[in-house]
$ cat coords-v2.cif   # mmCIF, C-alpha atoms
data_structure
#
loop_
_atom_site.label_atom_id
_atom_site.label_comp_id
_atom_site.auth_asym_id
_atom_site.auth_seq_id
_atom_site.Cartn_x
_atom_site.Cartn_y
_atom_site.Cartn_z
CA MET L 1 -89.90 -4.34 21.54
CA GLU L 2 -90.03 -1.76 18.77
CA ILE L 3 -86.42 -0.77 19.31
CA LEU L 4 -85.24 -4.25 18.33
CA ASP L 5 -87.03 -4.12 14.98
CA TYR L 6 -84.28 -1.92 13.55
CA ALA L 7 -80.96 -3.45 12.54
CA PHE L 8 -78.99 -0.32 13.44
CA MET L 9 -80.39 -0.39 16.99
CA GLN L 10 -79.54 -4.07 17.34
CA ARG L 11 -75.97 -3.22 16.40
CA ALA L 12 -75.94 -0.21 18.72
CA LEU L 13 -77.24 -2.21 21.71
CA LEU L 14 -74.70 -4.96 21.15
CA ALA L 15 -71.93 -2.40 20.96
CA ALA L 16 -73.27 -0.69 24.09
CA VAL L 17 -73.21 -3.93 26.09
CA LEU L 18 -69.63 -4.64 25.02
CA VAL L 19 -68.58 -1.10 25.91
CA GLY L 20 -70.32 -1.38 29.29
CA ILE L 21 -68.28 -4.50 30.04
CA THR L 22 -64.87 -3.48 28.73
CA ALA L 23 -64.61 0.14 29.91
CA PRO L 24 -64.98 -0.54 33.67
CA ALA L 25 -62.97 -3.77 33.34
CA VAL L 26 -59.95 -1.74 32.26
CA GLY L 27 -60.83 1.32 34.30
CA ILE L 28 -60.50 -0.50 37.62
CA TYR L 29 -56.77 -0.99 36.98
CA LEU L 30 -56.31 2.61 35.85
CA VAL L 31 -58.02 3.87 39.02
CA GLN L 32 -55.75 1.67 41.15
CA ARG L 33 -52.72 3.07 39.29
CA ARG L 34 -53.99 6.65 39.73
CA GLN L 35 -54.14 7.08 35.96
CA ALA L 36 -57.82 7.91 35.73
CA LEU L 37 -57.33 10.35 32.85
CA MET L 38 -55.28 7.99 30.70
CA GLY L 39 -58.34 7.11 28.63
CA ASP L 40 -58.89 10.78 27.87
CA GLY L 41 -55.33 11.14 26.59
CA ILE L 42 -55.61 8.02 24.45
CA GLY L 43 -58.88 9.37 23.04
CA HIS L 44 -57.04 12.47 21.81
CA VAL L 45 -54.39 10.33 20.12
CA ALA L 46 -57.04 8.08 18.54
CA MET L 47 -58.36 11.06 16.60
CA THR L 48 -55.26 10.89 14.42
CA GLY L 49 -56.09 7.25 13.68
CA VAL L 50 -59.65 8.16 12.70
CA GLY L 51 -58.41 10.91 10.38
CA LEU L 52 -55.80 8.59 8.89
CA GLY L 53 -58.49 5.99 8.26
CA PHE L 54 -60.56 8.48 6.28
CA LEU L 55 -57.49 9.68 4.37
CA LEU L 56 -56.41 6.16 3.36
CA SER L 57 -59.98 4.83 2.94
CA TRP L 58 -59.36 2.17 5.59
CA SER L 59 -61.52 1.24 8.56
CA PRO L 60 -61.34 4.16 11.04
CA VAL L 61 -61.88 1.72 13.94
CA TRP L 62 -58.90 -0.48 13.10
CA MET L 63 -56.71 2.49 12.20
CA ALA L 64 -57.66 4.24 15.44
CA THR L 65 -56.79 1.03 17.31
CA ALA L 66 -53.32 0.90 15.76
CA VAL L 67 -52.58 4.57 16.42
CA SER L 68 -54.00 4.37 19.97
CA VAL L 69 -51.79 1.38 20.79
CA VAL L 70 -48.71 3.27 19.57
CA GLY L 71 -49.78 6.32 21.57
CA ALA L 72 -50.37 4.24 24.72
CA VAL L 73 -46.92 2.66 24.44
CA LEU L 74 -45.38 6.13 24.02
CA MET L 75 -47.26 7.30 27.11
CA GLU L 76 -45.77 4.45 29.14
CA LEU L 77 -42.28 5.16 27.82
CA ILE L 78 -42.68 8.82 28.72
CA ARG L 79 -43.84 7.83 32.19
CA TRP L 80 -40.74 5.68 32.65
CA TYR L 81 -38.12 8.00 31.16
CA GLY L 82 -39.75 11.43 30.97
CA ARG L 83 -38.87 12.51 34.51
CA THR L 84 -39.45 16.23 35.04
CA ARG L 85 -40.44 17.00 31.44
CA GLY L 86 -42.78 14.06 31.08
CA ASP L 87 -45.90 16.16 31.51
CA ILE L 88 -44.85 18.46 28.66
CA ALA L 89 -44.21 15.51 26.37
CA LEU L 90 -47.61 14.02 27.23
CA ALA L 91 -49.34 17.34 26.55
CA MET L 92 -47.71 17.54 23.12
CA LEU L 93 -48.72 13.94 22.40
CA PHE L 94 -52.36 14.54 23.39
CA TYR L 95 -52.88 17.83 21.60
CA GLY L 96 -50.79 16.73 18.63
CA GLY L 97 -53.08 13.72 18.29
CA MET L 98 -56.15 15.91 18.28
CA ALA L 99 -54.70 18.39 15.79
CA GLY L 100 -53.46 15.56 13.58
CA GLY L 101 -56.93 14.04 13.43
CA VAL L 102 -58.53 17.33 12.41
CA MET L 103 -55.87 17.97 9.78
CA LEU L 104 -55.93 14.48 8.25
CA ILE L 105 -59.69 14.27 7.98
CA ASN L 106 -59.79 17.61 6.20
CA LEU L 107 -57.15 16.37 3.76
CA ALA L 108 -59.23 13.25 3.02
CA PRO L 109 -61.34 13.31 -0.16
CA GLY L 110 -64.73 14.70 0.79
CA GLY L 111 -63.69 14.86 4.43
CA SER L 112 -64.64 17.58 6.88
CA ASN L 113 -64.79 18.16 10.63
CA ALA L 114 -68.41 17.00 10.52
CA ASN L 115 -67.13 13.45 9.91
CA LEU L 116 -65.41 13.53 13.29
CA THR L 117 -68.56 14.28 15.26
CA SER L 118 -69.80 10.71 15.50
CA TYR L 119 -66.38 9.57 16.69
CA LEU L 120 -65.95 12.39 19.20
CA PHE L 121 -69.37 12.08 20.86
CA GLY L 122 -70.77 8.74 19.67
CA SER L 123 -73.56 7.98 17.22
CA LEU L 124 -76.05 5.13 17.18
CA SER L 125 -77.04 5.29 13.52
CA THR L 126 -73.47 5.07 12.21
CA VAL L 127 -72.51 1.77 13.88
CA SER L 128 -72.03 -0.51 10.89
CA GLU L 129 -71.70 -4.29 10.68
CA SER L 130 -67.95 -3.97 10.18
CA ASP L 131 -67.78 -1.77 13.28
CA VAL L 132 -69.63 -4.41 15.30
CA THR L 133 -67.24 -7.10 14.08
CA ALA L 134 -64.24 -5.00 15.07
CA ILE L 135 -65.78 -4.13 18.43
CA CYS L 136 -66.52 -7.81 19.19
CA VAL L 137 -62.94 -8.87 18.39
CA LEU L 138 -61.39 -6.04 20.39
CA ALA L 139 -63.77 -6.53 23.32
CA ALA L 140 -62.87 -10.23 23.45
CA PHE L 141 -59.20 -9.25 23.75
CA VAL L 142 -59.95 -6.80 26.56
CA VAL L 143 -62.02 -9.31 28.54
CA LEU L 144 -59.39 -12.01 28.06
CA VAL L 145 -56.63 -9.75 29.42
CA THR L 146 -58.53 -8.14 32.28
CA LEU L 147 -59.92 -11.44 33.59
CA GLY L 148 -57.16 -13.86 32.63
CA LEU L 149 -54.38 -11.72 34.14
CA ARG L 150 -56.39 -10.07 36.89
CA ARG L 151 -54.10 -11.22 39.73
CA GLN L 152 -50.94 -10.00 38.02
CA LEU L 153 -52.45 -6.72 36.86
CA PHE L 154 -53.90 -6.05 40.31
CA ALA L 155 -50.54 -6.73 41.98
CA VAL L 156 -48.73 -4.31 39.65
CA SER L 157 -51.46 -1.69 40.02
CA GLN L 158 -51.26 -1.83 43.82
CA ASP L 159 -47.47 -1.83 44.33
CA GLU L 160 -45.00 -1.99 41.46
CA GLU L 161 -41.99 -2.48 43.71
CA PHE L 162 -43.55 -5.42 45.54
CA ALA L 163 -44.67 -6.95 42.25
CA ARG L 164 -41.13 -6.61 40.89
CA VAL L 165 -39.69 -8.32 43.98
CA THR L 166 -42.09 -11.24 43.54
CA GLY L 167 -40.77 -11.76 40.02
CA LEU L 168 -43.60 -10.31 37.95
CA PRO L 169 -42.65 -8.66 34.62
CA VAL L 170 -43.80 -5.21 35.75
CA ARG L 171 -42.91 -3.27 32.62
CA ALA L 172 -44.51 -5.82 30.32
CA LEU L 173 -47.69 -5.80 32.42
CA ASN L 174 -47.73 -1.98 32.45
CA LEU L 175 -47.44 -1.96 28.67
CA LEU L 176 -50.20 -4.55 28.40
CA THR L 177 -52.46 -2.41 30.60
CA ALA L 178 -51.78 0.63 28.42
CA VAL L 179 -52.45 -1.34 25.22
CA THR L 180 -55.67 -2.75 26.68
CA ALA L 181 -56.80 0.75 27.63
CA ALA L 182 -56.08 1.91 24.06
CA VAL L 183 -58.13 -0.95 22.63
CA THR L 184 -60.98 -0.13 25.02
CA VAL L 185 -61.04 3.48 23.86
CA THR L 186 -61.54 2.40 20.25
CA VAL L 187 -64.18 -0.12 21.32
CA ALA L 188 -66.16 2.65 23.00
CA MET L 189 -65.72 5.49 20.55
CA ARG L 190 -68.69 4.53 18.34
CA VAL L 191 -71.08 4.51 21.31
CA VAL L 192 -69.72 6.99 23.86
CA GLY L 193 -67.26 9.00 21.79
CA LEU L 194 -63.53 9.62 22.14
CA LEU L 195 -63.96 12.70 24.32
CA LEU L 196 -66.27 11.00 26.84
CA VAL L 197 -64.96 7.44 27.04
CA SER L 198 -62.69 8.18 30.01
CA ALA L 199 -65.74 8.88 32.18
CA LEU L 200 -67.14 5.41 31.47
CA MET L 201 -63.80 3.86 32.39
CA VAL L 202 -63.52 5.65 35.73
CA VAL L 203 -66.90 6.69 37.15
CA PRO L 204 -68.48 3.19 37.36
CA VAL L 205 -65.42 2.04 39.30
CA ALA L 206 -65.66 5.00 41.66
CA ALA L 207 -69.37 4.28 42.13
CA ALA L 208 -68.70 0.59 42.84
CA GLN L 209 -66.11 1.53 45.45
CA GLN L 210 -68.84 3.23 47.44
CA LEU L 211 -70.39 -0.19 48.07
CA SER L 212 -67.40 -2.50 48.28
CA ARG L 213 -63.67 -2.42 48.98
CA SER L 214 -62.81 -5.89 47.70
CA PHE L 215 -61.41 -6.08 44.20
CA ALA L 216 -63.69 -8.87 42.94
CA ALA L 217 -66.88 -7.23 44.20
CA THR L 218 -65.83 -3.80 42.92
CA PHE L 219 -65.04 -5.31 39.51
CA ALA L 220 -68.44 -7.04 39.28
CA ILE L 221 -70.43 -4.00 40.48
CA ALA L 222 -68.55 -1.64 38.15
CA VAL L 223 -69.26 -3.85 35.14
CA ALA L 224 -72.93 -4.14 36.15
CA ILE L 225 -73.15 -0.34 36.38
CA GLY L 226 -71.38 0.04 33.04
CA VAL L 227 -73.75 -2.31 31.23
CA SER L 228 -76.80 -0.72 32.87
CA VAL L 229 -75.91 2.86 31.94
CA THR L 230 -74.81 2.04 28.39
CA ILE L 231 -78.04 0.17 27.67
CA GLY L 232 -80.09 2.84 29.45
CA GLY L 233 -78.33 5.64 27.59
CA THR L 234 -78.72 3.91 24.23
CA VAL L 235 -82.45 3.31 24.73
CA THR L 236 -82.97 6.85 26.01
CA SER L 237 -81.08 8.25 23.02
CA TYR L 238 -83.38 6.36 20.65
CA TYR L 239 -86.66 7.45 22.21
CA GLN L 240 -85.72 11.01 23.20
CA ASP L 241 -83.40 11.83 20.27
CA VAL L 242 -80.53 12.94 22.50
CA PRO L 243 -76.77 12.31 22.06
CA PRO L 244 -75.92 8.78 23.26
CA GLY L 245 -72.48 9.55 24.64
CA ALA L 246 -73.62 12.48 26.77
CA THR L 247 -76.67 10.54 27.98
CA ILE L 248 -74.56 7.56 29.04
CA VAL L 249 -72.05 9.71 30.90
CA LEU L 250 -74.78 11.67 32.71
CA LEU L 251 -76.46 8.40 33.75
CA THR L 252 -73.09 7.15 35.02
CA ILE L 253 -72.58 10.27 37.12
CA GLY L 254 -76.14 9.96 38.40
CA ALA L 255 -75.43 6.36 39.46
CA PHE L 256 -72.33 7.55 41.32
CA ILE L 257 -74.28 10.24 43.17
CA LEU L 258 -77.07 7.81 44.06
CA LEU L 259 -74.73 5.11 45.34
CA THR L 260 -72.73 7.67 47.31
CA ALA L 261 -75.89 8.93 48.97
CA LEU L 262 -76.92 5.37 49.85
CA ALA L 263 -73.48 4.25 50.98
CA THR L 264 -72.72 7.13 53.37
CA PRO L 265 -75.31 6.31 56.07
CA LEU L 266 -74.58 2.59 55.68
CA ALA L 267 -70.88 3.23 56.22
CA ARG L 268 -71.58 5.28 59.35
CA ARG L 269 -73.89 2.60 60.73
CA ARG L 270 -71.30 -0.07 60.01
CA ALA L 271 -68.57 1.98 61.73
CA ARG L 272 -70.74 2.43 64.84
CA ALA L 273 -71.49 -1.29 64.92
CA VAL L 274 -67.79 -2.15 64.67
CA ALA L 275 -66.91 0.32 67.45
CA ALA L 276 -69.64 -1.08 69.68
CA SER L 277 -68.50 -4.68 69.12
CA GLN L 278 -64.89 -3.77 69.89
CA ALA L 279 -65.93 -2.03 73.09
CA ALA L 280 -67.93 -5.09 74.16
CA GLU L 281 -64.96 -7.38 73.55
CA ASP L 282 -62.45 -5.33 75.61
CA PRO L 283 -61.34 -7.32 78.73
CA ALA L 284 -62.33 -5.89 82.10
CA GLU L 285 -58.71 -5.49 83.26
CA CYS L 286 -58.03 -3.14 80.37
CA ALA L 287 -60.72 -0.73 81.51
CA ILE L 288 -59.67 2.39 83.42
CA PRO L 289 -61.67 2.74 86.65
CA ALA L 290 -63.62 5.94 86.98
CA THR L 291 -63.02 6.29 90.77
CA ARG L 292 -60.57 4.97 93.33
CA GLY L 293 -61.54 3.68 96.74
CA ALA L 294 -60.47 5.32 100.01
CA ASP L 295 -57.96 2.51 100.65
CA SER L 296 -55.98 3.51 97.60
CA GLN L 297 -55.13 6.83 99.20
CA VAL L 298 -53.59 5.40 102.37
CA GLY L 299 -50.08 5.29 101.00
CA VAL L 300 -50.19 8.79 99.54
#
$ encode --input "coords-v2.cif" --output "structure tokens"
Amino acid sequence: MEILDYAFMQRALLAAVLVGITAPAVGIYLVQRRQALMGDGIGHVAMTGVGLGFLLSWSPVWMATAVSVVGAVLMELIRWYGRTRGDIALAMLFYGGMAGGVMLINLAPGGSNANLTSYLFGSLSTVSESDVTAICVLAAFVVLVTLGLRRQLFAVSQDEEFARVTGLPVRALNLLTAVTAAVTVTVAMRVVGLLLVSALMVVPVAAAQQLSRSFAATFAIAVAIGVSVTIGGTVTSYYQDVPPGATIVLLTIGAFILLTALATPLARRRARAVAASQAAEDPAECAIPATRGADSQVGV
């Protein structure tokens, strides 16, 4: 294929596959915890890390990872102790992260807001070899956590109180989930962009739930959707010269709409089949007779 003749596209496709795996793998736990927009908030905070990387002439990916992890931990602490003013503190954290990124990158030598564009919306041509190395290392961490601790993370995501009673370290697992989400955001920012990564973490999971209710099947389907749309969006971006992040997100939403349209009639058919089988299995003595014989009225 012509697309594989270019080194930058080889790097972009590898990064896209890793993003397609890691984003839904973390997103399934965030959806269960009803924290679907957590990735969006972490993306805002990561902008400060990108700006700090430019200012200090360090790798923006690794710096964004460090700042995102700190921001994710702060988000969890605010969720635990923030109480009624937690939403205000989170808002300040998110918008402060965005403003900090813009300010720092403008203070960097030769820096401008134009440097942020590829990190905000993704860019295929700017994925370097060092970026791929960082993405591979971070993606390996995400896969190790989301698969190796899937039972514990699922239990905490479903019911924290029950998980605490069973002896699981709930707070430590919540922090690990937040840190893993932060790492995933920085993995995806070179392909999808910081402002769009949350969609790739949530929408494939929502699409997979249209076909299956079991955790394992939903996990597998969501990852399959994630890989498909990231590869499809990357290839489309190359041939049609369109933004990769926006293309990937639109393909993801299209997959959700398609699967919803296919799943609705199947769900209705399945419900009718279940109702019919239950009716057939009801014992005769449980049925209510439609009419009573004349003998039943003798004692009236």
$ residues_around --input "coords-v2.cif" --residues "Thr117 (chain L)" --least-positions-apart "2" --cutoff "12 Å" --atoms "all atoms listed in the file" --output "number ranges by chain"
L: 47, 50-51, 101-102, 105, 111-115, 119-124, 126, 189-195, 243, 245
$ resolve_selection --input "coords-v2.cif" --expression "the PyMOL selection byres ((chain L and resi 76-79) around 12)" --output "short mmCIF file (atom, residue, chain, number, x, y, z; two decimals) with C-alpha atoms, keeping the file's coordinate frame"
data_model
loop_
_atom_site.label_atom_id
_atom_site.label_comp_id
_atom_site.auth_asym_id
_atom_site.auth_seq_id
_atom_site.Cartn_x
_atom_site.Cartn_y
_atom_site.Cartn_z
CA GLN L 35 -54.14 7.08 35.96
CA MET L 38 -55.28 7.99 30.70
CA GLY L 41 -55.33 11.14 26.59
CA ILE L 42 -55.61 8.02 24.45
CA VAL L 69 -51.79 1.38 20.79
CA VAL L 70 -48.71 3.27 19.57
CA GLY L 71 -49.78 6.32 21.57
CA ALA L 72 -50.37 4.24 24.72
CA VAL L 73 -46.92 2.66 24.44
CA LEU L 74 -45.38 6.13 24.02
CA MET L 75 -47.26 7.30 27.11
CA TRP L 80 -40.74 5.68 32.65
CA TYR L 81 -38.12 8.00 31.16
CA GLY L 82 -39.75 11.43 30.97
CA ARG L 83 -38.87 12.51 34.51
CA THR L 84 -39.45 16.23 35.04
CA ARG L 85 -40.44 17.00 31.44
CA GLY L 86 -42.78 14.06 31.08
CA ASP L 87 -45.90 16.16 31.51
CA ILE L 88 -44.85 18.46 28.66
CA ALA L 89 -44.21 15.51 26.37
CA LEU L 90 -47.61 14.02 27.23
CA ALA L 91 -49.34 17.34 26.55
CA MET L 92 -47.71 17.54 23.12
CA LEU L 93 -48.72 13.94 22.40
CA VAL L 170 -43.80 -5.21 35.75
CA ARG L 171 -42.91 -3.27 32.62
CA ALA L 172 -44.51 -5.82 30.32
CA LEU L 173 -47.69 -5.80 32.42
CA ASN L 174 -47.73 -1.98 32.45
CA LEU L 175 -47.44 -1.96 28.67
CA LEU L 176 -50.20 -4.55 28.40
CA THR L 177 -52.46 -2.41 30.60
CA ALA L 178 -51.78 0.63 28.42
CA VAL L 179 -52.45 -1.34 25.22
CA ALA L 181 -56.80 0.75 27.63
CA ALA L 182 -56.08 1.91 24.06
#
$ atom_distance --input "coords-v2.cif" --atom1 "CA of Leu251 (chain L)" --atom2 "CA of Ala199 (chain L)"
10.8 Å
$ atom_distance --input "coords-v2.cif" --atom1 "CA of Met63 (chain L)" --atom2 "CA of Thr186 (chain L)"
9.4 Å
$ closest_atom_pairs --input "coords-v2.cif" --of "region 6-91 of chain L" --to "region 214-218 of chain L" --cutoff "12 Å" --atoms "only C-alpha atoms" --output "Markdown table"
| residue | atom | partner | partner_atom | distance |
| --- | --- | --- | --- | --- |
| L:Pro24 | CA | L:Thr218 | CA | 9.8 |
| L:Ala25 | CA | L:Thr218 | CA | 10.0 |
| L:Gly27 | CA | L:Thr218 | CA | 11.2 |
| L:Ile28 | CA | L:Thr218 | CA | 8.2 |
| L:Tyr29 | CA | L:Phe215 | CA | 10.0 |
| L:Val31 | CA | L:Thr218 | CA | 11.6 |
| L:Gln32 | CA | L:Phe215 | CA | 10.1 |
$ resolve_selection --input "coords-v2.cif" --expression "the PyMOL selection byres ((chain L and resi 18) around 10)" --output "PDB file with C-alpha atoms, in the coordinates of the input"
ATOM      1  CA  ALA L  12     -75.940  -0.210  18.720  1.00  0.00           C
ATOM      2  CA  LEU L  13     -77.240  -2.210  21.710  1.00  0.00           C
ATOM      3  CA  LEU L  14     -74.700  -4.960  21.150  1.00  0.00           C
ATOM      4  CA  ALA L  15     -71.930  -2.400  20.960  1.00  0.00           C
ATOM      5  CA  ALA L  16     -73.270  -0.690  24.090  1.00  0.00           C
ATOM      6  CA  VAL L  17     -73.210  -3.930  26.090  1.00  0.00           C
ATOM      7  CA  VAL L  19     -68.580  -1.100  25.910  1.00  0.00           C
ATOM      8  CA  GLY L  20     -70.320  -1.380  29.290  1.00  0.00           C
ATOM      9  CA  ILE L  21     -68.280  -4.500  30.040  1.00  0.00           C
ATOM     10  CA  THR L  22     -64.870  -3.480  28.730  1.00  0.00           C
ATOM     11  CA  ALA L  23     -64.610   0.140  29.910  1.00  0.00           C
ATOM     12  CA  VAL L 132     -69.630  -4.410  15.300  1.00  0.00           C
ATOM     13  CA  ILE L 135     -65.780  -4.130  18.430  1.00  0.00           C
ATOM     14  CA  CYS L 136     -66.520  -7.810  19.190  1.00  0.00           C
ATOM     15  CA  LEU L 138     -61.390  -6.040  20.390  1.00  0.00           C
ATOM     16  CA  ALA L 139     -63.770  -6.530  23.320  1.00  0.00           C
ATOM     17  CA  ALA L 140     -62.870 -10.230  23.450  1.00  0.00           C
ATOM     18  CA  VAL L 143     -62.020  -9.310  28.540  1.00  0.00           C
ATOM     19  CA  THR L 184     -60.980  -0.130  25.020  1.00  0.00           C
ATOM     20  CA  VAL L 187     -64.180  -0.120  21.320  1.00  0.00           C
ATOM     21  CA  ALA L 188     -66.160   2.650  23.000  1.00  0.00           C
ATOM     22  CA  VAL L 191     -71.080   4.510  21.310  1.00  0.00           C
ATOM     23  CA  GLY L 226     -71.380   0.040  33.040  1.00  0.00           C
ATOM     24  CA  VAL L 227     -73.750  -2.310  31.230  1.00  0.00           C
ATOM     25  CA  THR L 230     -74.810   2.040  28.390  1.00  0.00           C
TER      26      THR L 230
END
$ atom_distance --input "coords-v2.cif" --atom1 "CA of Val203 (chain L)" --atom2 "CA of Pro244 (chain L)"
16.7 Å
$ residues_around --input "coords-v2.cif" --residues "Val45 (chain L)" --least-positions-apart "5" --cutoff "9 Å" --atoms "only C-alpha atoms" --output "VMD selection string"
chain L and resid 40 64 67 to 68 71 to 72 93 to 98 100 to 101
$ closest_residue --input "coords-v2.cif" --among "L:Asn106, L:Ser125, L:Gln210, L:Gln278" --to "Tyr238 (chain L)" --atoms "all atoms listed in the file"
L:Ser125
$ resolve_selection --input "coords-v2.cif" --expression "the PyMOL selection byres ((chain L and resi 158) around 12)" --output "compact mmCIF listing (two decimals) with C-alpha atoms, in the coordinates of the input"
# COMPACT_ATOMS: atom_id res chain seq x y z
CA ILE L 28 -60.50 -0.50 37.62
CA TYR L 29 -56.77 -0.99 36.98
CA LEU L 30 -56.31 2.61 35.85
CA VAL L 31 -58.02 3.87 39.02
CA GLN L 32 -55.75 1.67 41.15
CA ARG L 33 -52.72 3.07 39.29
CA ARG L 34 -53.99 6.65 39.73
CA ARG L 150 -56.39 -10.07 36.89
CA ARG L 151 -54.10 -11.22 39.73
CA GLN L 152 -50.94 -10.00 38.02
CA LEU L 153 -52.45 -6.72 36.86
CA PHE L 154 -53.90 -6.05 40.31
CA ALA L 155 -50.54 -6.73 41.98
CA VAL L 156 -48.73 -4.31 39.65
CA SER L 157 -51.46 -1.69 40.02
CA ASP L 159 -47.47 -1.83 44.33
CA GLU L 160 -45.00 -1.99 41.46
CA GLU L 161 -41.99 -2.48 43.71
CA PHE L 162 -43.55 -5.42 45.54
CA ALA L 163 -44.67 -6.95 42.25
CA ARG L 164 -41.13 -6.61 40.89
CA VAL L 170 -43.80 -5.21 35.75
CA ASN L 174 -47.73 -1.98 32.45
CA PHE L 215 -61.41 -6.08 44.20
$ closest_residue --input "coords-v2.cif" --among "L:Ala220, L:Val145, L:Leu168, L:Ala108" --to "Trp58 (chain L)" --atoms "only C-alpha atoms"
L:Ala108
$ closest_residue --input "coords-v2.cif" --among "L:Thr264, L:Ser228, L:Thr146, L:Thr252" --to "Val26 (chain L)" --atoms "all atoms listed in the file"
L:Thr146
